[in-house]
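Before any comments, here is the structure.
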Amino acid sequence: MTDLRIADCRITPIAFYDPPLLNNGGCHQPFALRSVIEVETEDGVIGLGESYGTRSLIDAVAALAPDLRGMAVTDLNGLWARARTRVQGGMPGYTGDERLLPRVVSAVEVAMWDALGKATGQRVVDLLGGQVRETVPFSAYLFYKFAGHAGQPADDWGEVLSPERLVDEARRFIETHGFRAIKLKAGILPPEEEVAGLEALRAAFPEAPLRIDPNGGWHVHTALDLLPRLEGLVEYLEDPTVGIDGNAVIQARTDVPLATNMYVVAQSHLPPNMAQDAFRVILSDHHYWGGLKASRDLAEICRIWGLGLSMHSNSHLGISLAAMTHLAAATPNLTYDCDTHYPWQVDEVVEGGRFEFRDGSLSVPEGPGLGVTLDRDALARLHQNYLDCGYTHRDDESEMQKHQPGWRFQRPRY
Ligand SMILES: O=C([O-])C(=O)C[C@H](O)[C@@H](O)C(=O)[O-]
Ligand SMILES: [Mg+2]
């Protein structure tokens, strides 16, 4: 009989190279922070998870770890209860940020699913209800970018600040990975220029479903003025302005669905969203919705209420990509191609090298659990990066100031 009780839980912060990608909050730093979570059973089976690399998340998971000893890897209710007590029960450094609890649960929960799958010889996609699609489609995630990080030479993508260079970036993404849909990260340049970028993409790729995401960077009136150009151009408009209230005003004036990964990010945001008909597409993310089970629950809620569903991402490596792929493959009502930052990364922390997209899609990794194994040399190297880079959280604003002194974060900006 397999012993499914947790003997140990470990979290290792890592940092990996990230290009100078631009967004409404500033510029990506040379290193993105992440963490690798290992849940080990009494039988020595190790389940893997990947999450944020912020100090608060790392401290919270480390504080929770001893409480998990003896708990079965199947006990998701037990995980929530222990995490709630630990995170909300006066943990040193706890700031009262309600976003922390589901993030802590998710970090550990994915590793518990992986351990369960590895211990019982089942794939996570099967544990989540069964595979409903052969492959999972992802979108080309375009960013405006500087040529190189401040004081460093240009990278091989070069500067992308014009419609022409955006088309070049998209072409490279599509030729290399075969993506179908294209997402443009916006909220950086004046909005008319960003929409001109979209129009150039439409001319170059007439069949590609397009999306634009200013991360709340536009005023309501700016978005309303741009609607005539966006209608018929985009499959959805992502977080054009700030908040449920503001976006509801925009949604009331267009049939283009509004999508969000910013303002409906917890179950408590769903009732006001439905009451105001602000967002019609939820971009879920298991890293902050509370894990794979909570994300399947969210999919059911979306199905019942007629909301569209897709997946948001942040800079990440292969454990997250594997988890996203298993989850997406087990989610019947995934209505749009998923986001991923993965093609922007060059590092990997799992054995066997980097994942390869075929026709813009990934197959569910083979093997039990998530189907990935930790590369311990890579983990040690990326952990050393973390120690050397000295970052404790993502800070796009100060990175931007290295390129443009005096730049200030502003939302909405235009
Ligand atoms: O869809 C989104 O809002 C994101 O992907 C959030 C990320 O933080 C993105 O803006 C980025 O990586 O700069
Ligand atoms: Mg977004």
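Ligands are numbered from 1 in the order shown, residues from 1 within each chain, and chains are lettered A, B, ... in the order they appear in the structure tokens.
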
Show me a table, sorted first by chain and then by increasing residue number, of the residues of chain A having an atom at most 6 Å from ligand 2, each with its shortest atom pair and the distance in Å to one decimal, counting only C-alpha atoms and all ligand atoms and written as JSON lines.
```
{"residue": "A:Asp213", "atom": "CA", "partner": "ligand 2", "partner_atom_place_in_ligand_line": "1 (Mg)", "distance": 5.5}
{"residue": "A:Asn215", "atom": "CA", "partner": "ligand 2", "partner_atom_place_in_ligand_line": "1 (Mg)", "distance": 5.6}
{"residue": "A:Glu238", "atom": "CA", "partner": "ligand 2", "partner_atom_place_in_ligand_line": "1 (Mg)", "distance": 5.9}
{"residue": "A:Asn261", "atom": "CA", "partner": "ligand 2", "partner_atom_place_in_ligand_line": "1 (Mg)", "distance": 5.1}
```

Could you save the residues just selected, with C-alpha atoms, as a PDB file, in the first residue's frame?
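selection18.pdb, freshly written:
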```
ATOM      1  CA  ASP A 213      -4.090  44.059 -23.167  1.00  0.00           C
ATOM      2  CA  ASN A 215      -3.424  46.277 -18.192  1.00  0.00           C
ATOM      3  CA  GLU A 238      -8.327  42.663 -22.122  1.00  0.00           C
ATOM      4  CA  ASN A 261      -6.859  38.761 -15.315  1.00  0.00           C
TER       5      ASN A 261
END
```

List as a PyMOL selection string the protein and nucleic acid residues near Asp239 in chain A, meaning an atom at most 12 Å away when only C-alpha atoms are counted, but skip any in the same chain fewer than 6 places from it.
chain A and resi 24+185-187+211-220+223+245-248+250-251+257-264+278-283+411-412

The selected residues should be written to file as a compact mmCIF listing (two decimals), in the first residue's frame (atoms: N, CA and C atoms).
```txt
# COMPACT_ATOMS: atom_id res chain seq x y z
N ASN A 24 2.49 48.24 -18.79
CA ASN A 24 2.02 49.46 -18.14
C ASN A 24 2.74 49.75 -16.82
N LYS A 185 0.67 42.96 -25.71
CA LYS A 185 0.76 43.66 -24.42
C LYS A 185 0.86 45.15 -24.70
N ALA A 186 -0.12 45.91 -24.18
CA ALA A 186 -0.21 47.34 -24.49
C ALA A 186 -0.14 48.16 -23.20
N GLY A 187 -0.60 49.43 -23.28
CA GLY A 187 -0.57 50.29 -22.10
C GLY A 187 0.77 50.98 -21.92
N ARG A 211 -5.73 40.00 -29.88
CA ARG A 211 -6.16 40.55 -28.58
C ARG A 211 -5.21 41.67 -28.20
N ILE A 212 -5.69 42.60 -27.40
CA ILE A 212 -4.82 43.66 -26.89
C ILE A 212 -5.08 43.82 -25.40
N ASP A 213 -4.00 44.03 -24.63
CA ASP A 213 -4.09 44.06 -23.17
C ASP A 213 -3.32 45.24 -22.59
N PRO A 214 -4.01 46.39 -22.38
CA PRO A 214 -3.31 47.56 -21.81
C PRO A 214 -3.15 47.50 -20.29
N ASN A 215 -3.55 46.40 -19.66
CA ASN A 215 -3.42 46.28 -18.19
C ASN A 215 -4.02 47.48 -17.45
N GLY A 216 -5.22 47.87 -17.84
CA GLY A 216 -5.88 48.98 -17.15
C GLY A 216 -5.26 50.33 -17.44
N GLY A 217 -4.45 50.42 -18.49
CA GLY A 217 -3.67 51.63 -18.75
C GLY A 217 -4.42 52.73 -19.48
N TRP A 218 -5.66 52.47 -19.89
CA TRP A 218 -6.41 53.49 -20.63
C TRP A 218 -7.54 54.05 -19.78
N HIS A 219 -7.83 55.34 -19.98
CA HIS A 219 -9.04 55.91 -19.37
C HIS A 219 -10.26 55.35 -20.11
N VAL A 220 -11.40 55.42 -19.45
CA VAL A 220 -12.64 54.93 -20.08
C VAL A 220 -12.87 55.66 -21.41
N ALA A 223 -10.67 54.33 -24.23
CA ALA A 223 -11.13 53.04 -24.75
C ALA A 223 -12.38 53.22 -25.62
N ASP A 245 -16.06 48.62 -12.24
CA ASP A 245 -16.96 49.73 -12.60
C ASP A 245 -16.57 50.34 -13.94
N GLY A 246 -15.30 50.67 -14.08
CA GLY A 246 -14.84 51.34 -15.30
C GLY A 246 -15.00 50.45 -16.52
N ASN A 247 -14.65 49.20 -16.39
CA ASN A 247 -14.75 48.29 -17.53
C ASN A 247 -16.20 48.00 -17.91
N ALA A 248 -17.10 48.05 -16.90
CA ALA A 248 -18.52 47.84 -17.20
C ALA A 248 -19.04 48.93 -18.13
N ILE A 250 -17.38 50.39 -20.45
CA ILE A 250 -16.89 50.07 -21.80
C ILE A 250 -17.68 48.89 -22.38
N GLN A 251 -17.86 47.84 -21.55
CA GLN A 251 -18.57 46.66 -22.06
C GLN A 251 -20.00 47.01 -22.50
N PRO A 257 -16.18 41.17 -26.48
CA PRO A 257 -16.11 40.80 -25.05
C PRO A 257 -14.88 41.41 -24.38
N LEU A 258 -15.07 41.87 -23.16
CA LEU A 258 -13.94 42.30 -22.35
C LEU A 258 -13.44 41.10 -21.54
N ALA A 259 -12.12 40.98 -21.43
CA ALA A 259 -11.51 39.88 -20.68
C ALA A 259 -10.68 40.46 -19.54
N THR A 260 -10.46 39.65 -18.51
CA THR A 260 -9.66 40.15 -17.38
C THR A 260 -8.81 39.09 -16.71
N ASN A 261 -7.62 39.51 -16.31
CA ASN A 261 -6.86 38.76 -15.32
C ASN A 261 -6.49 39.69 -14.16
N MET A 262 -7.14 40.88 -14.13
CA MET A 262 -6.76 41.86 -13.11
C MET A 262 -7.86 42.17 -12.10
N TYR A 263 -9.11 42.14 -12.56
CA TYR A 263 -10.18 42.65 -11.69
C TYR A 263 -11.19 41.60 -11.27
N VAL A 264 -11.13 40.43 -11.89
CA VAL A 264 -11.89 39.27 -11.37
C VAL A 264 -10.84 38.20 -11.12
N ALA A 278 -19.35 43.40 -16.53
CA ALA A 278 -18.10 44.10 -16.88
C ALA A 278 -17.24 43.25 -17.80
N PHE A 279 -16.94 42.03 -17.36
CA PHE A 279 -16.06 41.16 -18.14
C PHE A 279 -16.81 39.90 -18.56
N ARG A 280 -16.67 39.54 -19.81
CA ARG A 280 -17.35 38.34 -20.32
C ARG A 280 -16.39 37.18 -20.52
N VAL A 281 -15.10 37.43 -20.30
CA VAL A 281 -14.09 36.36 -20.41
C VAL A 281 -13.18 36.44 -19.18
N ILE A 282 -13.04 35.32 -18.49
CA ILE A 282 -12.14 35.26 -17.34
C ILE A 282 -10.84 34.59 -17.78
N LEU A 283 -9.73 35.28 -17.53
CA LEU A 283 -8.42 34.68 -17.83
C LEU A 283 -7.93 34.09 -16.53
N ARG A 411 -1.66 54.43 -13.67
CA ARG A 411 -2.73 53.56 -14.21
C ARG A 411 -4.07 54.17 -13.84
N PRO A 412 -4.88 54.64 -14.77
CA PRO A 412 -4.61 54.67 -16.22
C PRO A 412 -3.59 55.74 -16.58
```

Identify, with DSSP run on backbone atoms, the residues in range 236-325 of chain A assigned to strand (DSSP E or B), and express the list as a PyMOL selection string.
chain A and resi 236-238+258-260+281-284+308-311

For the selection just defined, write its residues with N, CA and C atoms to a file, as a compact mmCIF listing (two decimals), in the first residue's frame.
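Output saved as selection-v7.txt:
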```txt
# COMPACT_ATOMS: atom_id res chain seq x y z
N TYR A 236 -11.07 39.60 -28.24
CA TYR A 236 -11.48 40.21 -26.97
C TYR A 236 -10.54 41.35 -26.63
N LEU A 237 -11.04 42.23 -25.75
CA LEU A 237 -10.29 43.40 -25.29
C LEU A 237 -10.01 43.16 -23.81
N GLU A 238 -8.71 43.11 -23.47
CA GLU A 238 -8.33 42.66 -22.12
C GLU A 238 -8.02 43.85 -21.22
N LEU A 258 -15.07 41.87 -23.16
CA LEU A 258 -13.94 42.30 -22.35
C LEU A 258 -13.44 41.10 -21.54
N ALA A 259 -12.12 40.98 -21.43
CA ALA A 259 -11.51 39.88 -20.68
C ALA A 259 -10.68 40.46 -19.54
N THR A 260 -10.46 39.65 -18.51
CA THR A 260 -9.66 40.15 -17.38
C THR A 260 -8.81 39.09 -16.71
N VAL A 281 -15.10 37.43 -20.30
CA VAL A 281 -14.09 36.36 -20.41
C VAL A 281 -13.18 36.44 -19.18
N ILE A 282 -13.04 35.32 -18.49
CA ILE A 282 -12.14 35.26 -17.34
C ILE A 282 -10.84 34.59 -17.78
N LEU A 283 -9.73 35.28 -17.53
CA LEU A 283 -8.42 34.68 -17.83
C LEU A 283 -7.93 34.09 -16.53
N SER A 284 -8.14 32.80 -16.38
CA SER A 284 -7.84 32.17 -15.10
C SER A 284 -6.34 31.95 -14.97
N GLY A 308 -16.82 33.37 -20.99
CA GLY A 308 -15.71 32.75 -21.71
C GLY A 308 -14.55 32.51 -20.75
N LEU A 309 -13.65 31.63 -21.14
CA LEU A 309 -12.56 31.26 -20.24
C LEU A 309 -11.27 31.04 -21.02
N SER A 310 -10.19 31.61 -20.52
CA SER A 310 -8.87 31.27 -21.05
C SER A 310 -7.87 31.34 -19.90
N MET A 311 -6.60 31.40 -20.24
CA MET A 311 -5.57 31.31 -19.19
C MET A 311 -4.55 32.43 -19.30
```

Using DSSP assignments from the backbone, pull out every residue in range 223-287 of chain A that falls under helix (DSSP H, G or I) and give it to me as a ChimeraX atom specification.
/A:223-230,243-251,267-276,286-287

Leaving out Gly371 in chain A and any residue of its chain fewer than 3 positions from it, which residues lie within 12 Å of it when counting only C-alpha atoms, given as a PyMOL selection string?
chain A and resi 46-49+111+113-115+117-118+121-125+318-323+325-326+350-352+355+363-368+374

Dump N, CA and C atoms for the selected residues as an mmCIF file, in the first residue's frame?
```
data_model
loop_
_atom_site.group_PDB
_atom_site.id
_atom_site.type_symbol
_atom_site.label_atom_id
_atom_site.label_comp_id
_atom_site.auth_asym_id
_atom_site.auth_seq_id
_atom_site.Cartn_x
_atom_site.Cartn_y
_atom_site.Cartn_z
ATOM 1 N N ILE A 46 8.379 12.433 -4.926
ATOM 2 C CA ILE A 46 8.465 13.892 -4.874
ATOM 3 C C ILE A 46 7.538 14.512 -5.924
ATOM 4 N N GLY A 47 6.608 15.329 -5.449
ATOM 5 C CA GLY A 47 5.722 16.083 -6.338
ATOM 6 C C GLY A 47 6.243 17.496 -6.489
ATOM 7 N N LEU A 48 6.058 18.087 -7.688
ATOM 8 C CA LEU A 48 6.627 19.396 -7.997
ATOM 9 C C LEU A 48 5.556 20.454 -8.214
ATOM 10 N N GLY A 49 5.879 21.670 -7.803
ATOM 11 C CA GLY A 49 5.056 22.833 -8.117
ATOM 12 C C GLY A 49 5.968 23.997 -8.456
ATOM 13 N N ALA A 111 1.943 20.624 -6.316
ATOM 14 C CA ALA A 111 2.924 19.596 -5.953
ATOM 15 C C ALA A 111 2.234 18.376 -5.327
ATOM 16 N N TRP A 113 -0.841 17.291 -6.181
ATOM 17 C CA TRP A 113 -1.404 16.541 -7.313
ATOM 18 C C TRP A 113 -0.312 15.733 -8.012
ATOM 19 N N ASP A 114 0.848 16.373 -8.186
ATOM 20 C CA ASP A 114 1.942 15.685 -8.886
ATOM 21 C C ASP A 114 2.404 14.470 -8.078
ATOM 22 N N ALA A 115 2.513 14.654 -6.756
ATOM 23 C CA ALA A 115 2.932 13.532 -5.900
ATOM 24 C C ALA A 115 1.903 12.410 -5.952
ATOM 25 N N GLY A 117 -0.180 11.729 -8.381
ATOM 26 C CA GLY A 117 -0.088 11.091 -9.696
ATOM 27 C C GLY A 117 1.122 10.181 -9.790
ATOM 28 N N LYS A 118 2.260 10.681 -9.304
ATOM 29 C CA LYS A 118 3.485 9.868 -9.382
ATOM 30 C C LYS A 118 3.374 8.637 -8.485
ATOM 31 N N GLY A 121 0.681 6.297 -10.316
ATOM 32 C CA GLY A 121 0.838 6.001 -11.737
ATOM 33 C C GLY A 121 -0.226 6.643 -12.617
ATOM 34 N N GLN A 122 -0.768 7.788 -12.165
ATOM 35 C CA GLN A 122 -1.800 8.458 -12.982
ATOM 36 C C GLN A 122 -1.349 9.862 -13.365
ATOM 37 N N ARG A 123 -1.810 10.304 -14.539
ATOM 38 C CA ARG A 123 -1.491 11.654 -14.973
ATOM 39 C C ARG A 123 -2.408 12.666 -14.261
ATOM 40 N N VAL A 124 -1.896 13.870 -14.035
ATOM 41 C CA VAL A 124 -2.716 14.894 -13.370
ATOM 42 C C VAL A 124 -3.969 15.186 -14.187
ATOM 43 N N VAL A 125 -3.855 15.203 -15.517
ATOM 44 C CA VAL A 125 -5.032 15.479 -16.350
ATOM 45 C C VAL A 125 -6.146 14.468 -16.060
ATOM 46 N N GLY A 318 9.078 25.366 -16.919
ATOM 47 C CA GLY A 318 8.337 24.201 -17.383
ATOM 48 C C GLY A 318 7.413 23.521 -16.399
ATOM 49 N N ILE A 319 7.650 23.663 -15.087
ATOM 50 C CA ILE A 319 6.710 23.016 -14.151
ATOM 51 C C ILE A 319 5.357 23.709 -14.261
ATOM 52 N N SER A 320 5.384 25.042 -14.308
ATOM 53 C CA SER A 320 4.128 25.777 -14.496
ATOM 54 C C SER A 320 3.501 25.441 -15.831
ATOM 55 N N LEU A 321 4.326 25.369 -16.885
ATOM 56 C CA LEU A 321 3.768 25.087 -18.215
ATOM 57 C C LEU A 321 3.113 23.707 -18.238
ATOM 58 N N ALA A 322 3.748 22.743 -17.595
ATOM 59 C CA ALA A 322 3.162 21.400 -17.535
ATOM 60 C C ALA A 322 1.830 21.441 -16.782
ATOM 61 N N ALA A 323 1.807 22.154 -15.654
ATOM 62 C CA ALA A 323 0.560 22.229 -14.865
ATOM 63 C C ALA A 323 -0.539 22.920 -15.671
ATOM 64 N N THR A 325 -0.844 23.003 -18.851
ATOM 65 C CA THR A 325 -1.251 22.135 -19.963
ATOM 66 C C THR A 325 -2.178 21.023 -19.469
ATOM 67 N N HIS A 326 -1.841 20.408 -18.337
ATOM 68 C CA HIS A 326 -2.729 19.377 -17.763
ATOM 69 C C HIS A 326 -4.097 19.986 -17.453
ATOM 70 N N VAL A 350 13.440 21.683 -15.543
ATOM 71 C CA VAL A 350 13.074 20.264 -15.594
ATOM 72 C C VAL A 350 14.016 19.528 -16.544
ATOM 73 N N GLU A 351 14.103 18.225 -16.333
ATOM 74 C CA GLU A 351 14.990 17.414 -17.184
ATOM 75 C C GLU A 351 14.437 17.330 -18.603
ATOM 76 N N GLY A 352 15.340 17.130 -19.544
ATOM 77 C CA GLY A 352 14.899 16.914 -20.934
ATOM 78 C C GLY A 352 14.832 18.174 -21.759
ATOM 79 N N PHE A 355 10.317 22.741 -23.434
ATOM 80 C CA PHE A 355 9.130 22.256 -24.162
ATOM 81 C C PHE A 355 9.139 22.828 -25.580
ATOM 82 N N SER A 363 1.250 19.012 -26.347
ATOM 83 C CA SER A 363 0.597 17.782 -25.905
ATOM 84 C C SER A 363 0.781 17.679 -24.396
ATOM 85 N N VAL A 364 -0.108 16.960 -23.762
ATOM 86 C CA VAL A 364 0.049 16.725 -22.320
ATOM 87 C C VAL A 364 1.315 15.896 -22.122
ATOM 88 N N PRO A 365 2.224 16.364 -21.226
ATOM 89 C CA PRO A 365 3.448 15.596 -21.019
ATOM 90 C C PRO A 365 3.140 14.148 -20.629
ATOM 91 N N GLU A 366 3.973 13.247 -21.142
ATOM 92 C CA GLU A 366 3.745 11.827 -20.844
ATOM 93 C C GLU A 366 4.265 11.473 -19.457
ATOM 94 N N GLY A 367 3.767 10.389 -18.914
ATOM 95 C CA GLY A 367 4.252 9.933 -17.608
ATOM 96 C C GLY A 367 3.308 10.342 -16.508
ATOM 97 N N PRO A 368 3.470 9.718 -15.327
ATOM 98 C CA PRO A 368 2.560 10.012 -14.216
ATOM 99 C C PRO A 368 2.741 11.419 -13.653
ATOM 100 N N LEU A 374 12.481 17.113 -11.885
ATOM 101 C CA LEU A 374 13.357 18.238 -11.559
ATOM 102 C C LEU A 374 14.788 17.969 -12.003
#
```

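Relative to CA of Cys302 in chain A, CA of Leu76 in chain A is found at 21.9 Å.
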
If we count only C-alpha atoms, what is near range 192-195 of chain A at a cut-off of 12 Å, once residues fewer than 4 positions away on the same chain are taken out, given as a PyMOL selection string?
chain A and resi 23+142-144+160-164+166+183-188+199-202+210-214+217-218+222-223+225-231+233-234+237+414

Within 6 Å of Asp396 in chain A, counting only C-alpha atoms, which residues qualify if same-chain residues fewer than 2 places away don't, as a short mmCIF file (atom, residue, chain, number, x, y, z; two decimals) with N, CA and C atoms, in the first residue's frame?
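Dumped to result19.cif:
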```cif
data_model
loop_
_atom_site.label_atom_id
_atom_site.label_comp_id
_atom_site.auth_asym_id
_atom_site.auth_seq_id
_atom_site.Cartn_x
_atom_site.Cartn_y
_atom_site.Cartn_z
N GLY A 25 3.28 48.71 -16.19
CA GLY A 25 3.97 48.88 -14.91
C GLY A 25 5.44 49.21 -15.06
N GLY A 26 5.98 49.16 -16.28
CA GLY A 26 7.40 49.46 -16.49
C GLY A 26 8.06 48.43 -17.40
N CYS A 27 9.26 48.00 -16.98
CA CYS A 27 10.07 47.11 -17.82
C CYS A 27 10.50 45.89 -17.00
N HIS A 28 10.48 44.73 -17.62
CA HIS A 28 10.95 43.53 -16.91
C HIS A 28 12.42 43.69 -16.53
N SER A 398 11.20 50.60 -11.20
CA SER A 398 12.59 51.09 -11.07
C SER A 398 13.45 50.61 -12.23
N GLU A 399 13.10 49.45 -12.82
CA GLU A 399 13.84 49.00 -14.01
C GLU A 399 13.61 49.98 -15.16
#
```

Using Å and a single decimal, report how far CA of Arg10 in chain A sits from CA of Val105 in chain A.
13.7 Å

Exercise: Thr12 in chain A partners within 7 Å, only C-alpha atoms, chain neighbours under 2 positions left out, as a PyMOL selection string
chain A and resi 10+14+35-37+383

Can you list, as a PDB file with C-alpha atoms, in the first residue's frame, every protein, DNA or RNA residue that comes within 12 Å of Leu327 in chain A when you count only C-alpha atoms, leaving out same-chain residues fewer than 6 positions away?
```pdb
ATOM      1  CA  VAL A 110       0.055  21.494  -7.570  1.00  0.00           C
ATOM      2  CA  TRP A 113      -1.404  16.541  -7.313  1.00  0.00           C
ATOM      3  CA  ARG A 123      -1.491  11.654 -14.973  1.00  0.00           C
ATOM      4  CA  VAL A 124      -2.716  14.894 -13.370  1.00  0.00           C
ATOM      5  CA  VAL A 125      -5.032  15.479 -16.350  1.00  0.00           C
ATOM      6  CA  ASP A 126      -6.802  12.212 -15.474  1.00  0.00           C
ATOM      7  CA  LEU A 127      -6.975  13.059 -11.778  1.00  0.00           C
ATOM      8  CA  LEU A 128      -8.585  16.382 -12.750  1.00  0.00           C
ATOM      9  CA  GLY A 129     -11.440  14.676 -14.536  1.00  0.00           C
ATOM     10  CA  GLY A 130      -9.969  13.345 -17.757  1.00  0.00           C
ATOM     11  CA  GLN A 131      -8.495  14.624 -20.980  1.00  0.00           C
ATOM     12  CA  VAL A 132     -10.956  16.497 -23.210  1.00  0.00           C
ATOM     13  CA  ARG A 133      -8.537  17.744 -25.887  1.00  0.00           C
ATOM     14  CA  THR A 135      -3.419  19.275 -27.496  1.00  0.00           C
ATOM     15  CA  VAL A 136      -3.610  22.653 -25.773  1.00  0.00           C
ATOM     16  CA  SER A 284      -7.845  32.166 -15.095  1.00  0.00           C
ATOM     17  CA  ASP A 285      -4.493  31.443 -13.524  1.00  0.00           C
ATOM     18  CA  HIS A 286      -4.101  28.489 -11.190  1.00  0.00           C
ATOM     19  CA  HIS A 287      -1.170  30.221  -9.460  1.00  0.00           C
ATOM     20  CA  GLY A 291      -4.616  25.754  -7.576  1.00  0.00           C
ATOM     21  CA  LEU A 292      -5.841  23.205 -10.094  1.00  0.00           C
ATOM     22  CA  LYS A 293      -9.013  22.131  -8.266  1.00  0.00           C
ATOM     23  CA  ALA A 294     -10.060  25.757  -7.676  1.00  0.00           C
ATOM     24  CA  SER A 295      -9.415  26.464 -11.363  1.00  0.00           C
ATOM     25  CA  ARG A 296     -11.641  23.558 -12.400  1.00  0.00           C
ATOM     26  CA  ASP A 297     -14.307  24.995 -10.045  1.00  0.00           C
ATOM     27  CA  LEU A 298     -13.870  28.382 -11.713  1.00  0.00           C
ATOM     28  CA  ALA A 299     -14.358  26.775 -15.118  1.00  0.00           C
ATOM     29  CA  SER A 310      -8.875  31.266 -21.049  1.00  0.00           C
ATOM     30  CA  MET A 311      -5.572  31.310 -19.193  1.00  0.00           C
ATOM     31  CA  SER A 320       4.128  25.777 -14.496  1.00  0.00           C
ATOM     32  CA  LEU A 321       3.768  25.087 -18.215  1.00  0.00           C
ATOM     33  CA  ASN A 333     -14.974  25.044 -21.746  1.00  0.00           C
ATOM     34  CA  LEU A 334     -11.633  26.659 -22.472  1.00  0.00           C
ATOM     35  CA  CYS A 338      -4.009  30.222 -23.541  1.00  0.00           C
ATOM     36  CA  SER A 363       0.597  17.782 -25.905  1.00  0.00           C
ATOM     37  CA  VAL A 364       0.049  16.725 -22.320  1.00  0.00           C
ATOM     38  CA  PRO A 365       3.448  15.596 -21.019  1.00  0.00           C
ATOM     39  CA  GLY A 369       1.802  13.219 -12.343  1.00  0.00           C
ATOM     40  CA  LEU A 370       2.733  16.330 -14.270  1.00  0.00           C
TER      41      LEU A 370
END
```
